[in-house]
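Engineer: Sharing final_27.txt (compact mmCIF, C-alpha atoms) below.
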# COMPACT_ATOMS: atom_id res chain seq x y z
CA MET A 17 31.72 -14.61 -4.04
CA VAL A 18 32.75 -16.69 -7.03
CA LYS A 19 29.44 -16.12 -8.81
CA LYS A 20 30.02 -12.44 -9.38
CA GLN A 21 33.03 -13.23 -11.54
CA VAL A 22 30.88 -14.69 -14.29
CA PRO A 23 30.05 -11.95 -16.80
CA ASP A 24 26.41 -10.92 -16.64
CA ILE A 25 26.08 -11.46 -20.39
CA VAL A 26 26.82 -15.14 -19.73
CA VAL A 27 24.31 -15.31 -16.88
CA ALA A 28 21.70 -13.72 -19.17
CA ARG A 29 22.05 -16.59 -21.62
CA LEU A 30 21.58 -19.37 -19.07
CA PRO A 31 17.76 -19.00 -18.87
CA LEU A 32 17.63 -19.33 -22.66
CA TYR A 33 19.63 -22.56 -22.50
CA LEU A 34 17.35 -23.83 -19.74
CA GLN A 35 14.23 -22.96 -21.71
CA THR A 36 15.47 -24.72 -24.82
CA LEU A 37 16.57 -27.78 -22.84
CA LYS A 38 13.14 -28.00 -21.22
CA ARG A 39 11.50 -27.87 -24.63
CA LEU A 40 13.75 -30.66 -25.87
CA GLU A 41 12.98 -32.74 -22.77
CA LYS A 42 9.26 -32.18 -23.28
CA ALA A 43 9.67 -33.32 -26.88
CA GLY A 44 11.10 -36.60 -25.57
CA GLU A 45 14.80 -35.95 -26.18
CA TYR A 46 17.45 -37.26 -23.80
CA ASN A 47 20.66 -35.83 -25.21
CA THR A 48 21.77 -32.73 -27.02
CA SER A 49 24.98 -31.03 -28.06
CA SER A 50 26.35 -27.50 -27.99
CA LYS A 51 25.97 -27.54 -31.77
CA ASP A 52 22.28 -28.47 -31.61
CA LEU A 53 21.54 -26.02 -28.80
CA GLY A 54 23.45 -23.33 -30.64
CA ALA A 55 21.53 -23.89 -33.87
CA ARG A 56 18.24 -23.58 -31.98
CA LEU A 57 19.30 -20.37 -30.27
CA GLY A 58 21.35 -18.67 -32.94
CA ILE A 59 24.43 -18.85 -30.71
CA SER A 60 27.70 -20.56 -31.67
CA ALA A 61 28.47 -23.97 -30.20
CA ALA A 62 31.80 -22.59 -28.94
CA GLN A 63 30.01 -19.80 -27.07
CA ILE A 64 27.68 -22.27 -25.35
CA ARG A 65 30.59 -24.50 -24.31
CA LYS A 66 32.47 -21.46 -23.01
CA ASP A 67 29.43 -20.17 -21.11
CA LEU A 68 28.81 -23.50 -19.42
CA SER A 69 32.48 -23.99 -18.61
CA HIS A 70 32.17 -21.17 -16.07
CA PHE A 71 30.11 -23.51 -13.94
CA GLY A 72 31.64 -26.92 -14.44
CA GLU A 73 31.80 -29.88 -16.80
CA PHE A 74 28.41 -30.80 -18.17
CA GLY A 75 29.07 -32.71 -21.34
CA LYS A 76 31.50 -35.07 -22.92
CA GLN A 77 33.35 -34.72 -26.19
CA GLY A 78 31.38 -36.75 -28.70
CA THR A 79 28.38 -37.62 -26.54
CA GLY A 80 27.18 -34.10 -25.74
CA TYR A 81 24.92 -33.22 -22.82
CA ALA A 82 22.46 -35.34 -20.89
CA ILE A 83 19.45 -33.03 -21.02
CA SER A 84 17.97 -33.84 -17.62
CA TYR A 85 21.31 -33.39 -15.85
CA LEU A 86 22.00 -30.08 -17.58
CA ILE A 87 18.48 -28.85 -16.73
CA GLU A 88 19.02 -29.80 -13.10
CA SER A 89 22.40 -28.08 -13.03
CA LEU A 90 21.13 -24.87 -14.65
CA GLU A 91 18.16 -24.76 -12.28
CA GLU A 92 20.57 -24.98 -9.40
CA ILE A 93 22.89 -22.32 -10.82
CA LEU A 94 19.98 -19.96 -11.48
CA GLN A 95 18.51 -20.84 -8.07
CA VAL A 96 15.19 -21.87 -9.55
CA ASN A 97 15.35 -25.34 -8.01
CA GLN A 98 13.07 -23.66 -5.48
CA VAL A 99 10.01 -21.41 -5.88
CA TRP A 100 10.41 -17.70 -5.15
CA ASP A 101 7.38 -15.84 -3.87
CA MET A 102 6.67 -12.67 -5.79
CA ALA A 103 4.75 -9.47 -5.19
CA LEU A 104 2.85 -7.88 -8.07
CA ILE A 105 2.34 -4.13 -7.83
CA GLY A 106 -0.38 -2.77 -10.10
CA ALA A 107 -3.67 -4.57 -10.68
CA GLY A 108 -4.56 -3.06 -14.06
CA PHE A 109 -4.99 -5.09 -17.23
CA LEU A 110 -1.34 -6.10 -17.24
CA GLY A 111 -1.43 -7.05 -13.56
CA HIS A 112 -4.51 -9.15 -14.26
CA ALA A 113 -2.79 -10.92 -17.13
CA ILE A 114 0.22 -11.72 -14.94
CA ALA A 115 -1.80 -12.76 -11.89
CA ASN A 116 -3.75 -15.14 -14.11
CA PHE A 117 -0.67 -16.60 -15.80
CA ASN A 118 -0.07 -20.08 -14.40
CA GLY A 119 3.29 -20.67 -16.02
CA PHE A 120 5.58 -19.15 -13.39
CA ASN A 121 5.42 -21.95 -10.88
CA SER A 122 7.18 -24.62 -12.90
CA HIS A 123 10.01 -22.16 -13.59
CA GLY A 124 10.86 -21.10 -10.05
CA PHE A 125 8.42 -18.31 -9.25
CA GLN A 126 4.90 -17.68 -8.01
CA VAL A 127 2.81 -14.57 -7.44
CA LYS A 128 1.92 -14.43 -3.76
CA GLN A 129 0.82 -10.85 -3.06
CA VAL A 130 -0.98 -8.34 -5.27
CA PHE A 131 -1.13 -4.61 -4.53
CA ASP A 132 -2.81 -1.54 -5.95
CA SER A 133 -3.45 1.97 -4.70
CA ASP A 134 -6.90 2.33 -6.27
CA PRO A 135 -9.58 2.24 -3.50
CA GLU A 136 -12.01 0.65 -5.94
CA LYS A 137 -9.65 -2.26 -6.53
CA ILE A 138 -8.37 -2.79 -2.99
CA GLY A 139 -10.20 -5.70 -1.37
CA THR A 140 -11.44 -7.16 -4.65
CA GLU A 141 -9.98 -10.36 -6.05
CA ILE A 142 -7.96 -11.23 -9.12
CA ALA A 143 -6.95 -14.78 -9.89
CA GLY A 144 -7.73 -15.73 -6.31
CA PHE A 145 -5.63 -12.95 -4.77
CA VAL A 146 -7.20 -10.22 -2.68
CA ILE A 147 -5.79 -6.92 -3.91
CA GLN A 148 -4.03 -5.23 -1.01
CA ASN A 149 -3.47 -1.57 -0.31
CA SER A 150 -0.09 -0.39 -1.64
CA LYS A 151 0.26 1.57 1.60
CA ASN A 152 0.94 -1.73 3.35
CA LEU A 153 3.44 -2.90 0.76
CA GLU A 154 6.56 -2.55 2.87
CA LYS A 155 5.15 -4.27 5.94
CA VAL A 156 3.57 -7.16 4.03
CA LEU A 157 6.70 -7.81 1.98
CA LYS A 158 8.97 -7.68 5.00
CA ASP A 159 6.66 -9.96 7.00
CA ASN A 160 6.57 -12.45 4.15
CA HIS A 161 10.28 -12.22 3.26
CA ILE A 162 9.49 -11.45 -0.35
CA VAL A 163 12.55 -10.47 -2.38
CA VAL A 164 11.16 -10.60 -5.93
CA ALA A 165 8.59 -8.17 -7.29
CA MET A 166 6.97 -7.16 -10.57
CA ILE A 167 5.96 -3.58 -11.29
CA THR A 168 2.93 -3.17 -13.54
CA VAL A 169 1.89 0.37 -12.58
CA ASP A 170 2.00 3.43 -14.86
CA ALA A 171 5.34 4.95 -15.82
CA GLU A 172 4.79 7.93 -13.54
CA HIS A 173 4.33 5.76 -10.43
CA ALA A 174 6.97 3.14 -11.10
CA GLN A 175 9.89 4.89 -9.37
CA THR A 176 7.88 5.49 -6.18
CA VAL A 177 6.90 1.83 -6.15
CA ALA A 178 10.51 0.77 -6.79
CA ASP A 179 11.70 2.89 -3.85
CA LYS A 180 9.16 1.19 -1.60
CA LEU A 181 10.18 -2.23 -2.84
CA VAL A 182 13.82 -1.53 -2.11
CA ASN A 183 12.91 -0.34 1.39
CA ALA A 184 10.92 -3.52 1.87
CA GLY A 185 14.00 -5.62 1.13
CA VAL A 186 13.19 -6.63 -2.44
CA LYS A 187 16.34 -7.62 -4.34
CA ALA A 188 14.99 -8.34 -7.82
CA ILE A 189 12.49 -6.21 -9.74
CA LEU A 190 10.90 -7.02 -13.06
CA ASN A 191 9.66 -3.71 -14.42
CA TYR A 192 6.91 -3.53 -17.04
CA ALA A 193 6.53 0.24 -16.74
CA PRO A 194 8.21 2.04 -19.65
CA VAL A 195 10.63 3.95 -17.47
CA PHE A 196 14.19 3.52 -16.24
CA LEU A 197 14.38 2.81 -12.50
CA LYS A 198 17.03 4.21 -10.19
CA VAL A 199 17.86 1.64 -7.55
CA PRO A 200 20.90 0.85 -5.41
CA GLU A 201 23.63 -1.17 -7.08
CA ASN A 202 22.87 -4.38 -5.22
CA ILE A 203 19.30 -4.50 -6.55
CA GLN A 204 18.62 -6.38 -9.79
CA VAL A 205 16.24 -4.79 -12.28
CA GLN A 206 15.12 -6.21 -15.58
CA TYR A 207 12.76 -4.60 -18.04
CA ILE A 208 9.97 -5.95 -20.17
CA ASP A 209 9.89 -3.59 -23.10
CA PRO A 210 8.02 -4.43 -26.30
CA ILE A 211 9.50 -1.41 -28.08
CA ILE A 212 13.05 -2.75 -27.82
CA GLU A 213 11.92 -6.05 -29.36
CA LEU A 214 9.85 -4.37 -32.08
CA GLN A 215 12.72 -2.08 -33.08
CA HIS A 216 15.05 -5.06 -33.24
CA MET A 217 12.69 -6.60 -35.81
CA SER A 218 11.89 -3.45 -37.79
CA TYR A 219 15.56 -3.30 -38.79
CA TYR A 220 14.89 -6.30 -41.02
CA LEU A 221 11.61 -5.11 -42.55
CA MET B 7 21.77 -6.75 -49.04
CA VAL B 8 24.44 -5.09 -46.95
CA LYS B 9 22.25 -5.06 -43.83
CA LYS B 10 22.23 -8.80 -43.43
CA GLN B 11 25.97 -8.78 -42.88
CA VAL B 12 25.68 -7.03 -39.54
CA PRO B 13 25.49 -9.67 -36.78
CA ASP B 14 22.04 -9.86 -35.22
CA ILE B 15 23.57 -9.48 -31.77
CA VAL B 16 24.72 -6.02 -32.87
CA VAL B 17 21.29 -5.14 -34.28
CA ALA B 18 19.73 -6.26 -30.99
CA ARG B 19 21.78 -3.66 -29.09
CA LEU B 20 20.80 -0.71 -31.31
CA PRO B 21 17.34 -0.23 -29.73
CA LEU B 22 19.03 -0.08 -26.32
CA TYR B 23 21.38 2.63 -27.55
CA LEU B 24 18.46 4.52 -29.04
CA GLN B 25 16.46 4.24 -25.82
CA THR B 26 19.34 5.53 -23.70
CA LEU B 27 20.06 8.37 -26.12
CA LYS B 28 16.41 9.43 -26.04
CA ARG B 29 16.52 9.47 -22.24
CA LEU B 30 19.64 11.63 -22.31
CA GLU B 31 18.03 13.99 -24.82
CA LYS B 32 14.93 14.24 -22.66
CA ALA B 33 17.17 15.07 -19.69
CA GLY B 34 18.54 18.03 -21.68
CA GLU B 35 21.86 16.53 -22.77
CA TYR B 36 23.35 17.36 -26.18
CA ASN B 37 26.45 15.20 -26.28
CA THR B 38 27.53 11.83 -25.01
CA SER B 39 30.41 9.39 -25.45
CA SER B 40 30.78 5.67 -25.96
CA LYS B 41 32.18 5.58 -22.43
CA ASP B 42 29.14 7.31 -20.95
CA LEU B 43 26.67 5.23 -22.98
CA GLY B 44 28.56 2.10 -22.06
CA ALA B 45 28.48 2.88 -18.36
CA ARG B 46 24.72 3.41 -18.52
CA LEU B 47 24.15 0.14 -20.36
CA GLY B 48 26.78 -2.10 -18.82
CA ILE B 49 28.45 -2.48 -22.23
CA SER B 50 32.08 -1.61 -22.94
CA ALA B 51 32.84 1.63 -24.78
CA ALA B 52 34.83 -0.37 -27.33
CA GLN B 53 31.82 -2.58 -28.04
CA ILE B 54 29.59 0.42 -28.64
CA ARG B 55 32.11 2.02 -30.99
CA LYS B 56 32.47 -1.28 -32.85
CA ASP B 57 28.70 -1.78 -33.09
CA LEU B 58 28.13 1.71 -34.48
CA SER B 59 31.06 1.43 -36.90
CA HIS B 60 29.00 -1.11 -38.87
CA PHE B 61 26.76 1.75 -39.94
CA GLY B 62 29.08 4.72 -40.38
CA GLU B 63 30.95 7.43 -38.52
CA PHE B 64 28.84 8.97 -35.80
CA GLY B 65 31.27 10.52 -33.38
CA LYS B 66 34.63 12.20 -33.20
CA GLN B 67 37.62 11.27 -31.10
CA GLY B 68 37.50 13.55 -28.08
CA THR B 69 34.13 15.18 -28.70
CA GLY B 70 31.94 12.06 -28.67
CA TYR B 71 28.48 11.84 -30.19
CA ALA B 72 25.94 14.55 -30.93
CA ILE B 73 22.88 12.94 -29.32
CA SER B 74 20.23 14.24 -31.73
CA TYR B 75 22.23 13.18 -34.78
CA LEU B 76 22.87 9.71 -33.38
CA ILE B 77 19.17 9.33 -32.49
CA GLU B 78 18.19 10.32 -36.00
CA SER B 79 20.71 7.92 -37.51
CA LEU B 80 19.64 4.99 -35.33
CA GLU B 81 15.97 5.65 -36.07
CA GLU B 82 16.80 5.50 -39.75
CA ILE B 83 18.86 2.32 -39.39
CA LEU B 84 16.11 0.63 -37.35
CA GLN B 85 13.49 1.99 -39.76
CA VAL B 86 11.53 3.63 -37.00
CA ASN B 87 11.73 7.06 -38.61
CA GLN B 88 8.24 6.07 -39.75
CA VAL B 89 5.29 4.53 -37.90
CA TRP B 90 4.51 0.85 -38.54
CA ASP B 91 0.89 -0.22 -38.21
CA MET B 92 0.44 -3.27 -36.01
CA ALA B 93 -2.20 -5.93 -35.52
CA LEU B 94 -2.89 -7.22 -32.03
CA ILE B 95 -4.26 -10.76 -31.81
CA GLY B 96 -5.88 -11.59 -28.50
CA ALA B 97 -8.07 -9.17 -26.59
CA GLY B 98 -7.64 -10.61 -23.11
CA PHE B 99 -6.14 -8.71 -20.18
CA LEU B 100 -2.75 -8.53 -21.88
CA GLY B 101 -4.29 -7.38 -25.16
CA HIS B 102 -6.18 -4.70 -23.25
CA ALA B 103 -3.01 -3.50 -21.57
CA ILE B 104 -1.21 -3.26 -24.91
CA ALA B 105 -4.11 -1.64 -26.78
CA ASN B 106 -4.26 0.99 -24.04
CA PHE B 107 -0.52 1.64 -24.01
CA ASN B 108 0.14 4.96 -25.73
CA GLY B 109 3.91 4.74 -25.82
CA PHE B 110 4.36 2.88 -29.11
CA ASN B 111 3.70 5.78 -31.43
CA SER B 112 6.73 7.88 -30.56
CA HIS B 113 8.95 4.83 -31.10
CA GLY B 114 7.84 3.81 -34.57
CA PHE B 115 4.75 1.66 -34.03
CA GLN B 116 1.02 1.88 -33.51
CA VAL B 117 -1.72 -0.65 -32.91
CA LYS B 118 -4.20 -0.39 -35.78
CA GLN B 119 -6.24 -3.60 -35.71
CA VAL B 120 -7.36 -5.78 -32.80
CA PHE B 121 -8.64 -9.35 -33.21
CA ASP B 122 -10.12 -12.04 -31.04
CA SER B 123 -12.02 -15.27 -31.68
CA ASP B 124 -14.38 -14.95 -28.69
CA PRO B 125 -17.91 -14.13 -29.95
CA GLU B 126 -18.55 -12.18 -26.76
CA LYS B 127 -15.62 -9.89 -27.46
CA ILE B 128 -16.01 -9.46 -31.22
CA GLY B 129 -17.68 -6.14 -31.98
CA THR B 130 -16.94 -4.63 -28.57
CA GLU B 131 -14.35 -1.89 -28.16
CA ILE B 132 -11.03 -1.65 -26.38
CA ALA B 133 -9.02 1.53 -26.34
CA GLY B 134 -11.12 2.84 -29.23
CA PHE B 135 -10.59 -0.26 -31.38
CA VAL B 136 -13.50 -2.46 -32.40
CA ILE B 137 -12.45 -6.04 -31.77
CA GLN B 138 -12.59 -7.91 -35.06
CA ASN B 139 -13.22 -11.56 -35.75
CA SER B 140 -9.97 -13.55 -36.05
CA LYS B 141 -11.57 -15.34 -38.98
CA ASN B 142 -11.04 -12.18 -41.02
CA LEU B 143 -7.45 -11.71 -39.90
CA GLU B 144 -5.79 -12.62 -43.18
CA LYS B 145 -8.01 -10.47 -45.36
CA VAL B 146 -7.88 -7.42 -43.10
CA LEU B 147 -4.11 -7.58 -42.71
CA LYS B 148 -3.52 -8.02 -46.42
CA ASP B 149 -5.93 -5.20 -47.27
CA ASN B 150 -4.18 -2.90 -44.82
CA HIS B 151 -0.62 -3.98 -45.69
CA ILE B 152 0.16 -4.78 -42.08
CA VAL B 153 3.51 -6.50 -41.61
CA VAL B 154 3.94 -6.26 -37.82
CA ALA B 155 1.79 -8.15 -35.32
CA MET B 156 1.64 -8.96 -31.63
CA ILE B 157 0.31 -12.27 -30.34
CA THR B 158 -1.38 -12.12 -26.95
CA VAL B 159 -3.47 -15.29 -27.14
CA ASP B 160 -3.03 -18.43 -25.02
CA ALA B 161 -0.04 -20.69 -25.57
CA GLU B 162 -2.21 -23.35 -27.20
CA HIS B 163 -3.53 -20.97 -29.87
CA ALA B 164 -0.36 -19.02 -30.62
CA GLN B 165 1.00 -21.26 -33.39
CA THR B 166 -2.31 -21.24 -35.29
CA VAL B 167 -2.37 -17.46 -35.05
CA ALA B 168 1.26 -17.25 -36.18
CA ASP B 169 0.50 -19.41 -39.23
CA LYS B 170 -2.35 -17.09 -40.17
CA LEU B 171 -0.15 -14.04 -39.70
CA VAL B 172 2.53 -15.48 -41.96
CA ASN B 173 -0.11 -16.25 -44.61
CA ALA B 174 -1.35 -12.69 -44.30
CA GLY B 175 2.09 -11.35 -45.13
CA VAL B 176 3.24 -10.39 -41.64
CA LYS B 177 7.04 -10.21 -41.43
CA ALA B 178 7.61 -9.41 -37.74
CA ILE B 179 5.84 -11.04 -34.81
CA LEU B 180 6.15 -10.08 -31.17
CA ASN B 181 4.96 -13.12 -29.24
CA TYR B 182 3.72 -12.82 -25.65
CA ALA B 183 2.45 -16.40 -25.55
CA PRO B 184 4.81 -18.68 -23.62
CA VAL B 185 5.49 -20.95 -26.55
CA PHE B 186 8.12 -21.24 -29.28
CA LEU B 187 6.75 -20.40 -32.73
CA LYS B 188 7.68 -22.20 -35.92
CA VAL B 189 7.78 -19.74 -38.78
CA PRO B 190 9.60 -19.53 -42.12
CA GLU B 191 13.17 -18.24 -41.96
CA ASN B 192 12.37 -14.84 -43.44
CA ILE B 193 9.91 -14.03 -40.64
CA GLN B 194 11.20 -12.22 -37.54
CA VAL B 195 9.93 -13.39 -34.17
CA GLN B 196 10.76 -11.94 -30.80
CA TYR B 197 9.47 -13.13 -27.46
CA ILE B 198 8.32 -11.30 -24.38
CA ASP B 199 9.06 -13.74 -21.59
CA PRO B 200 9.08 -12.66 -17.94
CA ILE B 201 10.49 -16.03 -16.86
CA ILE B 202 13.73 -15.50 -18.78
CA GLU B 203 14.19 -12.12 -17.06
CA LEU B 204 13.25 -13.44 -13.62
CA GLN B 205 15.69 -16.35 -13.90
CA HIS B 206 18.42 -13.97 -14.97
CA MET B 207 17.90 -12.09 -11.70
CA SER B 208 17.40 -15.07 -9.41
CA TYR B 209 20.99 -16.08 -10.16
CA TYR B 210 22.07 -13.12 -8.04
CA LEU B 211 19.68 -13.63 -5.14
If you took the structure in this file and wrote it as structure tokens, what would it be?

Structural biologist:
Amino acid sequence: MVKKQVPDIVVARLPLYLQTLKRLEKAGEYNTSSKDLGARLGISAAQIRKDLSHFGEFGKQGTGYAISYLIESLEEILQVNQVWDMALIGAGFLGHAIANFNGFNSHGFQVKQVFDSDPEKIGTEIAGFVIQNSKNLEKVLKDNHIVVAMITVDAEHAQTVADKLVNAGVKAILNYAPVFLKVPENIQVQYIDPIIELQHMSYYL
Amino acid sequence: MVKKQVPDIVVARLPLYLQTLKRLEKAGEYNTSSKDLGARLGISAAQIRKDLSHFGEFGKQGTGYAISYLIESLEEILQVNQVWDMALIGAGFLGHAIANFNGFNSHGFQVKQVFDSDPEKIGTEIAGFVIQNSKNLEKVLKDNHIVVAMITVDAEHAQTVADKLVNAGVKAILNYAPVFLKVPENIQVQYIDPIIELQHMSYYL
């Protein structure tokens, strides 16, 4: 597969390019350049050109990039020119915040199933979703062909949930629990970790 | 200031090194190597050695790094060998989740003040904090010398909050609202954005 030959560090930057391009489009811009994008992202223009060159020719010397075309291309490359159904495991405060967030849809994702193991929560609703019993996680995810999931349970339960998700066929896990997950190599995991971001900033204080 | 000469991309990796080292220490390890750290983080050993060389000599050829010493050094470099008081603006579900999270303290941070503008929330408690009126944000932050803040309000209110924080003397903002913040150059802003992480993973699906 050709895709795998692109360094992951390059792939990781593509969503940032897409986000910035969408902001520019929303602000009424039609064209941009690697220099302009770079200045907005704190990345060199050369790096941006090199990153994009892995996937094709998107701009022209002198005229730069047509924003809408580059957005379309990046959405295709990142496979968010479709909407991925997601499962959300953990209906605590964080789960509530995520279930209620309506910004996923326009970026390629939507919460479709919400689970918790707390008998008091199971059967109640958040953001229009009936909270389902975590016991049924594997069956429901398999039946609904869900391959993307978010973990918002406590640190101590996150690995058990991750194991279940992997068994259920999930291929991409966004983990909010402050714990490192052990998963097979073919499973993607990303972490949402405020501490990493805070420590990055405290360096400069 | 010597610090400013280290590329930010290097600074951004230090918290990841620290996190991994702390995990190793917790697992009972005493020593590690750039090769081992690199394998755990998907970063080359050479890159790790180069990153650390900006700050001094931490390991020896052949014997690697003493974990506790490297942890101590990184905590000092990142200035998390102390605990920074934080303000949390926005006491919705996300604010609740963060106020209740007890993992900040051991990593150099603690929530100290919680604000919201909703009259129904002001004066009530979350996680032992009385929710204060956002109107008083600037005075309270100045009085308490708070320079780190987290924004967990809606996208539409985030910029107004950020402006207030900057006026109050805040130097580092962790923004959970899905919006780009305009702040003066000397203010650090980092973003918590699940969409960026999800799109990174969907590339591989």

Engineer: Do a neighbour search on range 204-213 of chain A at 6 Å with only C-alpha atoms, toss out local chain neighbours closer than 2 positions, and write the hits as a list in words.

Structural biologist: Ala188, Ile189, Leu190, Asn191, Tyr192, Gln215 and His216 of chain A; Pro21 of chain B

Engineer: Write out as a VMD selection string every residue belonging to chain B that has an atom at most 9 Å from any atom of chain A, counting only C-alpha atoms.

Structural biologist: chain B and resid 9 to 10 14 17 to 22 25 29 81 to 86 90 98 to 104 109 to 110 113 to 115 153 to 154 177 to 180 184 186 194 to 211

Engineer: For C-alpha atoms, I'd like the residues from the last selection saved as a PDB file, in the coordinates of the input.

Structural biologist:
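Contents of the output file again_23.pdb:
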ATOM      1  CA  LYS B   9      22.250  -5.060 -43.830  1.00  0.00           C
ATOM      2  CA  LYS B  10      22.230  -8.800 -43.430  1.00  0.00           C
ATOM      3  CA  ASP B  14      22.040  -9.860 -35.220  1.00  0.00           C
ATOM      4  CA  VAL B  17      21.290  -5.140 -34.280  1.00  0.00           C
ATOM      5  CA  ALA B  18      19.730  -6.260 -30.990  1.00  0.00           C
ATOM      6  CA  ARG B  19      21.780  -3.660 -29.090  1.00  0.00           C
ATOM      7  CA  LEU B  20      20.800  -0.710 -31.310  1.00  0.00           C
ATOM      8  CA  PRO B  21      17.340  -0.230 -29.730  1.00  0.00           C
ATOM      9  CA  LEU B  22      19.030  -0.080 -26.320  1.00  0.00           C
ATOM     10  CA  GLN B  25      16.460   4.240 -25.820  1.00  0.00           C
ATOM     11  CA  ARG B  29      16.520   9.470 -22.240  1.00  0.00           C
ATOM     12  CA  GLU B  81      15.970   5.650 -36.070  1.00  0.00           C
ATOM     13  CA  GLU B  82      16.800   5.500 -39.750  1.00  0.00           C
ATOM     14  CA  ILE B  83      18.860   2.320 -39.390  1.00  0.00           C
ATOM     15  CA  LEU B  84      16.110   0.630 -37.350  1.00  0.00           C
ATOM     16  CA  GLN B  85      13.490   1.990 -39.760  1.00  0.00           C
ATOM     17  CA  VAL B  86      11.530   3.630 -37.000  1.00  0.00           C
ATOM     18  CA  TRP B  90       4.510   0.850 -38.540  1.00  0.00           C
ATOM     19  CA  GLY B  98      -7.640 -10.610 -23.110  1.00  0.00           C
ATOM     20  CA  PHE B  99      -6.140  -8.710 -20.180  1.00  0.00           C
ATOM     21  CA  LEU B 100      -2.750  -8.530 -21.880  1.00  0.00           C
ATOM     22  CA  GLY B 101      -4.290  -7.380 -25.160  1.00  0.00           C
ATOM     23  CA  HIS B 102      -6.180  -4.700 -23.250  1.00  0.00           C
ATOM     24  CA  ALA B 103      -3.010  -3.500 -21.570  1.00  0.00           C
ATOM     25  CA  ILE B 104      -1.210  -3.260 -24.910  1.00  0.00           C
ATOM     26  CA  GLY B 109       3.910   4.740 -25.820  1.00  0.00           C
ATOM     27  CA  PHE B 110       4.360   2.880 -29.110  1.00  0.00           C
ATOM     28  CA  HIS B 113       8.950   4.830 -31.100  1.00  0.00           C
ATOM     29  CA  GLY B 114       7.840   3.810 -34.570  1.00  0.00           C
ATOM     30  CA  PHE B 115       4.750   1.660 -34.030  1.00  0.00           C
ATOM     31  CA  VAL B 153       3.510  -6.500 -41.610  1.00  0.00           C
ATOM     32  CA  VAL B 154       3.940  -6.260 -37.820  1.00  0.00           C
ATOM     33  CA  LYS B 177       7.040 -10.210 -41.430  1.00  0.00           C
ATOM     34  CA  ALA B 178       7.610  -9.410 -37.740  1.00  0.00           C
ATOM     35  CA  ILE B 179       5.840 -11.040 -34.810  1.00  0.00           C
ATOM     36  CA  LEU B 180       6.150 -10.080 -31.170  1.00  0.00           C
ATOM     37  CA  PRO B 184       4.810 -18.680 -23.620  1.00  0.00           C
ATOM     38  CA  PHE B 186       8.120 -21.240 -29.280  1.00  0.00           C
ATOM     39  CA  GLN B 194      11.200 -12.220 -37.540  1.00  0.00           C
ATOM     40  CA  VAL B 195       9.930 -13.390 -34.170  1.00  0.00           C
ATOM     41  CA  GLN B 196      10.760 -11.940 -30.800  1.00  0.00           C
ATOM     42  CA  TYR B 197       9.470 -13.130 -27.460  1.00  0.00           C
ATOM     43  CA  ILE B 198       8.320 -11.300 -24.380  1.00  0.00           C
ATOM     44  CA  ASP B 199       9.060 -13.740 -21.590  1.00  0.00           C
ATOM     45  CA  PRO B 200       9.080 -12.660 -17.940  1.00  0.00           C
ATOM     46  CA  ILE B 201      10.490 -16.030 -16.860  1.00  0.00           C
ATOM     47  CA  ILE B 202      13.730 -15.500 -18.780  1.00  0.00           C
ATOM     48  CA  GLU B 203      14.190 -12.120 -17.060  1.00  0.00           C
ATOM     49  CA  LEU B 204      13.250 -13.440 -13.620  1.00  0.00           C
ATOM     50  CA  GLN B 205      15.690 -16.350 -13.900  1.00  0.00           C
ATOM     51  CA  HIS B 206      18.420 -13.970 -14.970  1.00  0.00           C
ATOM     52  CA  MET B 207      17.900 -12.090 -11.700  1.00  0.00           C
ATOM     53  CA  SER B 208      17.400 -15.070  -9.410  1.00  0.00           C
ATOM     54  CA  TYR B 209      20.990 -16.080 -10.160  1.00  0.00           C
ATOM     55  CA  TYR B 210      22.070 -13.120  -8.040  1.00  0.00           C
ATOM     56  CA  LEU B 211      19.680 -13.630  -5.140  1.00  0.00           C
TER      57      LEU B 211
END

Engineer: Just the number, please: distance in Å from CA of Arg65 in chain A to CA of Ala52 in chain B, one decimal.

Structural biologist: 24.7 Å

Engineer: Just the number, please: distance in Å from CA of Gly44 in chain B to CA of Lys28 in chain B, one decimal.

Structural biologist: 14.7 Å

Engineer: So what do you get for CA of Lys76 in chain A versus CA of Leu53 in chain A, distance-wise?

Structural biologist: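 So the two atoms, CA of Lys76 in chain A and CA of Leu53 in chain A, lie 14.7 Å apart.
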
Engineer: With all atoms listed in the file as the basis for distance, which of A:Ile147, A:Val99, A:Ile64, A:Ile142 is at the shortest distance from Gln126 in chain A?

Structural biologist: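 Between A:Ile147, A:Val99, A:Ile64, A:Ile142, the residue approaching Gln126 in chain A most closely is A:Val99.
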
Engineer: Skipping near chain neighbours, those fewer than 2 positions away, what residues fall within 10 Å of Ile152 in chain B using all atoms listed in the file, listed as a list in words?

Structural biologist: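 Those residues are Trp90, Asp91, Met92, Ala93, Lys118, Gln119, Glu144, Val146, Leu147, Lys148, Asp149, Asn150, Val154, Ala155, Leu171, Ala174, Gly175, Val176, Lys177 and Ala178 of chain B.
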
Engineer: Tell me which of B:Leu143, B:Ala133, B:Ile95, B:Val117 sits closest to His163 in chain B, counting all atoms listed in the file.

Structural biologist: B:Ile95

Engineer: For a quick check of understanding, using all atoms listed in the file, which of A:Ser49, A:Ser133, A:Thr140, A:Ser60 has the smallest distance to Gly80 in chain A?

Structural biologist: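 Distance minimum relative to Gly80 in chain A lands on A:Ser49.
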